[in-house]
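K.L.:
Below are the structure tokens for one structure; questions will follow.
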Amino acid sequence: MEQPHLLSKLRTALHYLYDSSQQQSPQHLHEAHNFLLTYKQSNVRRFVVSKLQSRKDRIGTEDCENELSFNQPEELTGSIFLSCLALLYSSCSHDSNSSHERIFTAQALNHRCRSIKLAEIFDIEAEDGVECGTARLVLALEEIKYARNTNSKSDTELSEQTKSILTAWLERYVTMLVNRCGGGSRCIGADLLAVVLERHSSMLLDSPFLCDESRGEEQVKGTLMMFSLAVALYVAAFREYEEDHQQQNLHDEPRSPWANTVLAELGSALSVTMLRLRYRPTIDKHATPSPDPSCPPLIEALVFAINIVKDSAAEYLVKQPSGQDIAHNYAVQRSIAACVTSLPETVLLPPGQDYHHRVPSVDRSCLRAASLELRCNDTGMEKAIRLLMQSSGNNYDDSTASRLLGCCESWARYVAIPIHVIDESVGKVAIQYLHMSKGTPSSITQQKVQTLAFQYLISIFEAASPTLNVEDILTATLGVGASGTQNGKKKQSNKSKKRTEKRLDRARNIQTDESSNQAEEELLARKNAACAAAAAVFGISSSHGDEWGLKLAASCHTTTSHGICSTVASCATSVLPHLLTLERSEGSQQWRSELFSAITLVIQRMCKSHNRDIRALAYEALMILHNALNTVSVVSCNVEKIAIDSICECALALAASCAYPAHYFDNLSVNSDEDLEIERNDVRDVCRSVCCLDTGNFGQSPSISILNRIVDTCHGAIKSTEPTQLPSEAVVHALSSLAKPLNKLACDSQSDDDACSIMFKALDSFGYVFERLNTMIEHVPHSKTLPLSRLALIGFASLAPLLSSIAQLSLRSTTATERHLIDIFESALSAGMTHSCLSTAHIPELIAQSTLSTTRYDIRGTMRGPGGEDHVGCIALIRLSGESAQLRSSIFKVCGQSILQELASLHRNLKHIELVERGVGVDYGKGVTPLSRRLLIRVISRLGMQQGNAVVHSFLDEPLNEIIAQKNAPPSAEKFFRLCEAALDLSFFSPELLIQLVQNRASDLDSLVQTVILGYTGLTFASEVDSTCIQWGRLRCAVICLLRACQTMTDYSAGFFIALIKAECEAAAAQCERGSESGSNLFIEAIIGEEMIHSGAYVMLIGEYLNRISSSSDITLEQQVDSCRRCIHVLKHSSNNIASILSHDSPEATAHVDPRPTNAEAWFLTMKTLASVCRHNEHIASSLAEEGLLQSLFGDSLCLVVFYIFMKDIGTKKRPAPDVQRGMSPDGAHTLAMCDFISECLLLGPSNLAAAAGCISTSIQLNCTVGEVQAEVLGAATISAALLRAISGATPPWIVEDTPILFRSIFTALGGNLDVFIKTLDAATKLKSLVDFGALKAGEKLSGRYLDTSSSHIEAFLAKTKETCSKNDWKKLKVVLKSATGGKKKESGFNLKPHYSLWECERV
């Protein structure tokens, strides 16, 4: 028997890829993979049509010349459909281990059915070659279309000619279809297909569409596909039955894994084929098409196709060995089930934007028509289930139940399930499998049915999700949902949302206003169906009561499974909010209360489960239920009380369930249990969410009741603790999670009696915990005190806003209730401050060496927050001292003035431990880390500044004395270390003290700065680094921290900045002079790099000063101007140093960290900040402009950007760009900073353009001068030319994303005059350098090689730009720019768009 041309290649490729019995060479695997990819995507018919259209376009007429030529026509020979079908029939018709062949061919057929037209899918004529087969048919039909359009023949003649062509096609290819579909034994697909075609040839030969050239081919091919796919379904199901029963005696072996996949793919392919046959797009693409009268409704059509095969198979099997009736009936039932199960997933759209749903490439209007059809009772789900059950004889055995539940599950995801279907499928079938007695083990088949039952229920509940709305339903119903996976995006973009909204509005207008009402009805029906299903599985309103369904299953430890609990959680998420809504709108009904109670009871049991995964399933349900409770303001109905009680019980149970196990802290040096810590964080989120007070309606909010209940329970549990015991850590954990709602309560409702009561109990609880800890901390091992102390301090620190509110309350006249609250506040504050100091003194921050660099939650013996980096005692002190002046006053009131001496003494002890007892470099075992210790300095400074206490000033002398002591010491690692520690300590004092320090004791600080400057002179060009270099690097960071802490520029600090920037730039220049391959002992990651802080940090500090100055409300306008003037003075003095290194032509460094990119980033970000300050503060801008300080600085910086771009050689038409470029690489955040600076600077007006033009003209001789055109226009033209060169390859490709914004800034700077802007761009495309400069050669265009072309190209660019800008569509300018400058730059070698660098160094 003759085989399809591609069959042998297909079989060989699949063998190489999937046959694991033999080792294949990588080359063969690669070739096989490429062949299969090309095979699935091949479309010879479309290629021929495209070739024909190209000939028409070339000739310019719709000629009917009957010839098309093809290169290598043998590569286009062979039918994809026929070879797939033949291999599928063959592999399903005999004993073979060929599941990969069955799966691949089924998937390939489905992929093609979903992706391309019917005439292209059924490509059997390609077996005769592209010229004799495909092209011949296309040209013949094209000739008829041409004749009909030109009226050269009568319609009757053309109809007869069409019929003749299609009849001849049928005679030729129907026989080929049968003959080339393979062979085998028993149920042979080709033989069965022959019987089908023989019995139903009239559907092809007598079709009225044979006379229609536009419809006839698709109808004929679609009918043949229907027969072929239906036979394939039957043959695959028949083969599945045979394989299962060959293993009948092997203890109920599982079904062959290929069957479900193959049948689902074929069912989907047949469904799409029927959809294309029944609905065709109309001329009006927005109109909903009417169904083809000759094609029955989709479900009936599918079953009709299977019944055709059923009758033909019965005739065929008469001639085969007897005893195959059971297999025949099974194959029919499975085929029908596969079709009606695949239909909704194939044709319908899911409500909401599900980007993982595969939408077939069918006209949206056809999908809309099919969606409306399948939502009708007579032609939708009810019809599908009725026909499915009829095929099974209405029996409910395990196989039938499996098919029924699978079908229902598929439909439940897309449409609302009628209540009587719920009663039948859930109440009579699914319920039987939900809870199986542990005494009678179920079969594998029953376990599969049970899994399907759970999946079905989850689909019902998810289809009624509370997040689903009417618009989601309407979007799916009208066929305007999401299309495809959108490149894997999880969220829909704004553009996509707008397109969907447009399509939805259009579809609404085409339909009637009833569509919205129908969507509302469907949404309600979904929710009612979920309630009905929940009532069925929970045994509500049935005689079974508590002994039935999920109520018993979820409460029985031996039968509780993830499937049961996930179903209950899904049920609670969708059903409970709807039951609340029904109770409020329709009044109370007994069954609703019973169902609500039953579900919440099971959720409570889940929260008390010993299984962490089961507990986690309840989180979402609780938060959604809480949200539903707060959707109305009045708590009125009975179920709301049940809900509140349940939420409280669940929250407390979850907190208790995630308590640390006994003996968890016996070994404090081992890593934390990450799963446990993650669960504890999740439980904190749940507790916080169910007490959320963001609605603001506190008096009537259920959240108040929940918060009160949880706080009251925690308070009772803590206060009832034995005097010799510590309170339960789990209880404190629950209480500490409520900081956010408690803070909200204190800020918005502090005078309310109920609010005062809640806050009283919370503070009383924390106060009692601290008192117990304070009593026992020195007598109980760390394994007992550490977890409770850590948790209590984290919670108390989080309550700083609440404490501040009560401190404010104490300043005015109060009621008795408020006075009572203030008393407990003072008591808790005193105990909390005492414990913060005690825990810092007695419990080490790290018991053993930290593992935070390799783990997420560090060791168990740490006094940090989970994953944090500071001692929680210090965090509590810093939060309490920094919240407000009123709270600081309360601290002095309850602790006395001696608190400052106590804190200072604590700091000295900790520093002694750090330097003497622990030793340098060791930060565990005793005491706290240096940064945590320095937090105490900030606390002392804040408290002392408020009281004007002399303790702070004497405390400030300690690091200063250290600096003085080291002044004359020779350079060494020891000296640098001590200076570094002293400088870092100083940086934690308040800015006010530091400014006084700089003004009054500048000489002492000058030695510190000079030591840093001296270090730059130690630059060597070898890569060896000693401890002295490392400590100098730390000292540099410390000085930066100290300068940052000052927060403003003074006359004294300005000199420090100028000297430091100059020293760093000179060192950088020296490094660049040695070349890109030179080593360095300073410019490496561990000294001046990412591990410490980047080069350019001093300049970044100036930008931070400018930001703070402009936004500060504590200083006058004149002070702001003075501070800005000092910053500009430093920038002006440093600009030449910066420019000298940024314009250095040494290539990108390879053996050291290039200091230029981060210096450039710092400079241009600071200049951007300066421009922003001037743009948003008119007084500052006008004052500085009068002094002439701005224009030259901005002009020089713009000029620096332009020169930097001109340094890059982008090649010419005759030669590519060189691999090694002059100057620093543009691949980094500094290029992004340049763009942001240009955009902000040019918005200040044309004066900066003129300043840039003057600066540029002094360095580059152009073919246009300031005298010939206005200075601002020349500046704009030069900058525009530089930008065009940048996107032509001088900078990374991502720059084109930001370039439209830059051109818009130029447009704005030119006064928003479009004509002037276009003339400027025109000038930019013509500007040339008359001398060599950077990478520019004399006579070369500044804008680059892509614009050094014909005038027509430039004119087209300017015209498109003008059109785009006139519409104010600047985003579209990106497309115009890419088109003008060479298109997308693939394989450029650059990285993706970067983020800005980090400039923090506190933790060195």
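The way I read the labels, and the way they are meant: chains A, B, ... in the order of the structure tokens, residue 1 as the first residue of every chain, and ligand 1 as the first ligand shown, with later ones counted on from there.
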Give me, as an MDAnalysis selection string, the residues of stretch 181-420 of chain A that a backbone DSSP run labels helix (DSSP H, G or I).
P.N.:
chainID A and resid 189:199 202:205 208:211 216:246 258:278 298:318 325:347 364:374 381:391 398:412 419:420
K.L.:
Show which residues sit within 6 Å of stretch 1120-1133 of chain A, as a ChimeraX atom specification. Count only C-alpha atoms, and ignore same-chain residues fewer than 3 positions away.
P.N.:
/A:1049,1058,1109,1117,1180
K.L.:
With stretch 101-115 of chain A as the partner and 10 Å as the cut-off, tabulate the residues of stretch 193-234 of chain A that qualify, each row holding the nearest pair of atoms and their distance in Å to one decimal, using only C-alpha atoms, sorted by chain and rising number, as a tab-separated table.
P.N.:
residue	atom	partner	partner_atom	distance
A:Met225	CA	A:Cys113	CA	9.5
A:Leu229	CA	A:Leu109	CA	9.0
A:Ala232	CA	A:Ala106	CA	9.0
A:Leu233	CA	A:Ala106	CA	9.7
K.L.:
Can you work out which one of A:Arg1215, A:Arg334, A:Arg1074, A:Lys967 has the shortest atom-to-atom distance to A:Leu1019, counting only C-alpha atoms?
P.N.:
A:Arg1074
K.L.:
Excluding same-chain residues fewer than 4 positions from stretch 1084-1093 of chain A, what lies within 10 Å of it counting only C-alpha atoms, as a list of chain:residue names?
P.N.:
A:Ser1023, A:Val1025, A:Cys1029, A:Ile1030, A:Gln1031, A:Trp1032, A:Gly1033, A:Arg1034, A:Arg1036, A:Cys1037, A:Ile1040, A:Gly1079, A:Ser1080, A:Ala1097, A:Ala1151, A:His1152, A:Val1153, A:Asp1154, A:Pro1155, A:Thr1158, A:Ser1397, A:Leu1398, A:Trp1399, A:Glu1400, A:Cys1401, A:Glu1402, A:Arg1403, A:Val1404
K.L.:
In Å to one decimal, how far is atom CA of A:Ile336 from atom CA of A:Ala119?
P.N.:
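Computing the Euclidean distance for atom CA of A:Ala119 and atom CA of A:Ile336 yields 25.7 Å.
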K.L.:
Residues at most 7 Å from stretch 928-940 of chain A, counting only C-alpha atoms, excluding those fewer than 6 positions away in the same chain, as number ranges by chain?
P.N.:
A: 844-845, 870-871, 874, 877-878, 881, 900, 903, 907, 910, 952, 985, 988-990, 1403
K.L.:
With N, CA, C and O atoms retained, export the selected residues as a CSV table (one decimal), in the first residue's frame.
P.N.:
chain,number,residue,atom,x,y,z
A,844,PRO,N,22.5,38.4,73.0
A,844,PRO,CA,23.3,38.8,71.9
A,844,PRO,C,22.5,38.9,70.6
A,844,PRO,O,21.5,38.2,70.5
A,845,GLU,N,22.9,39.8,69.7
A,845,GLU,CA,22.2,39.9,68.5
A,845,GLU,C,22.3,38.6,67.7
A,845,GLU,O,21.4,38.2,67.0
A,870,ASP,N,19.2,44.0,62.2
A,870,ASP,CA,19.5,44.8,63.4
A,870,ASP,C,18.9,44.2,64.6
A,870,ASP,O,17.8,43.6,64.5
A,871,HIS,N,19.5,44.4,65.8
A,871,HIS,CA,18.9,43.9,67.1
A,871,HIS,C,17.6,44.6,67.3
A,871,HIS,O,17.4,45.8,67.2
A,874,CYS,N,17.3,47.5,69.8
A,874,CYS,CA,17.7,48.8,69.2
A,874,CYS,C,16.7,49.3,68.3
A,874,CYS,O,16.4,50.5,68.2
A,877,LEU,N,14.0,50.9,70.3
A,877,LEU,CA,14.4,52.2,70.8
A,877,LEU,C,14.4,53.3,69.7
A,877,LEU,O,14.0,54.4,70.0
A,878,ILE,N,14.9,52.9,68.5
A,878,ILE,CA,14.9,53.9,67.4
A,878,ILE,C,13.5,54.3,67.0
A,878,ILE,O,13.3,55.5,66.6
A,881,SER,N,11.9,56.5,69.8
A,881,SER,CA,12.5,57.9,70.0
A,881,SER,C,12.3,58.7,68.7
A,881,SER,O,12.4,59.9,68.8
A,900,LEU,N,19.2,58.9,79.5
A,900,LEU,CA,20.3,59.3,78.6
A,900,LEU,C,21.6,58.7,79.2
A,900,LEU,O,22.4,58.1,78.4
A,903,LEU,N,21.5,54.9,78.6
A,903,LEU,CA,21.8,54.5,77.2
A,903,LEU,C,23.2,54.7,76.8
A,903,LEU,O,23.8,53.9,76.1
A,907,HIS,N,25.8,51.9,75.6
A,907,HIS,CA,26.6,52.0,74.4
A,907,HIS,C,28.1,51.8,74.6
A,907,HIS,O,28.8,51.1,73.9
A,910,LEU,N,28.7,48.1,75.1
A,910,LEU,CA,28.6,47.3,73.9
A,910,LEU,C,29.8,47.6,73.0
A,910,LEU,O,30.3,46.7,72.3
A,952,VAL,N,24.7,64.6,75.7
A,952,VAL,CA,24.8,64.4,74.3
A,952,VAL,C,26.1,65.0,73.8
A,952,VAL,O,26.9,64.4,73.0
A,985,ASP,N,30.5,56.5,63.8
A,985,ASP,CA,29.8,56.8,65.0
A,985,ASP,C,29.3,58.3,64.9
A,985,ASP,O,28.1,58.6,65.3
A,988,PHE,N,26.0,59.0,63.0
A,988,PHE,CA,24.7,58.7,63.6
A,988,PHE,C,24.1,59.8,64.6
A,988,PHE,O,23.1,59.6,65.1
A,989,PHE,N,24.9,60.8,64.7
A,989,PHE,CA,24.4,62.0,65.5
A,989,PHE,C,23.4,62.8,64.6
A,989,PHE,O,23.4,62.7,63.4
A,990,SER,N,22.6,63.6,65.3
A,990,SER,CA,21.6,64.4,64.5
A,990,SER,C,22.3,65.4,63.6
A,990,SER,O,23.4,65.9,63.9
A,1403,ARG,N,26.7,49.7,56.1
A,1403,ARG,CA,27.0,48.4,56.7
A,1403,ARG,C,28.4,47.9,56.3
A,1403,ARG,O,28.6,46.7,56.3
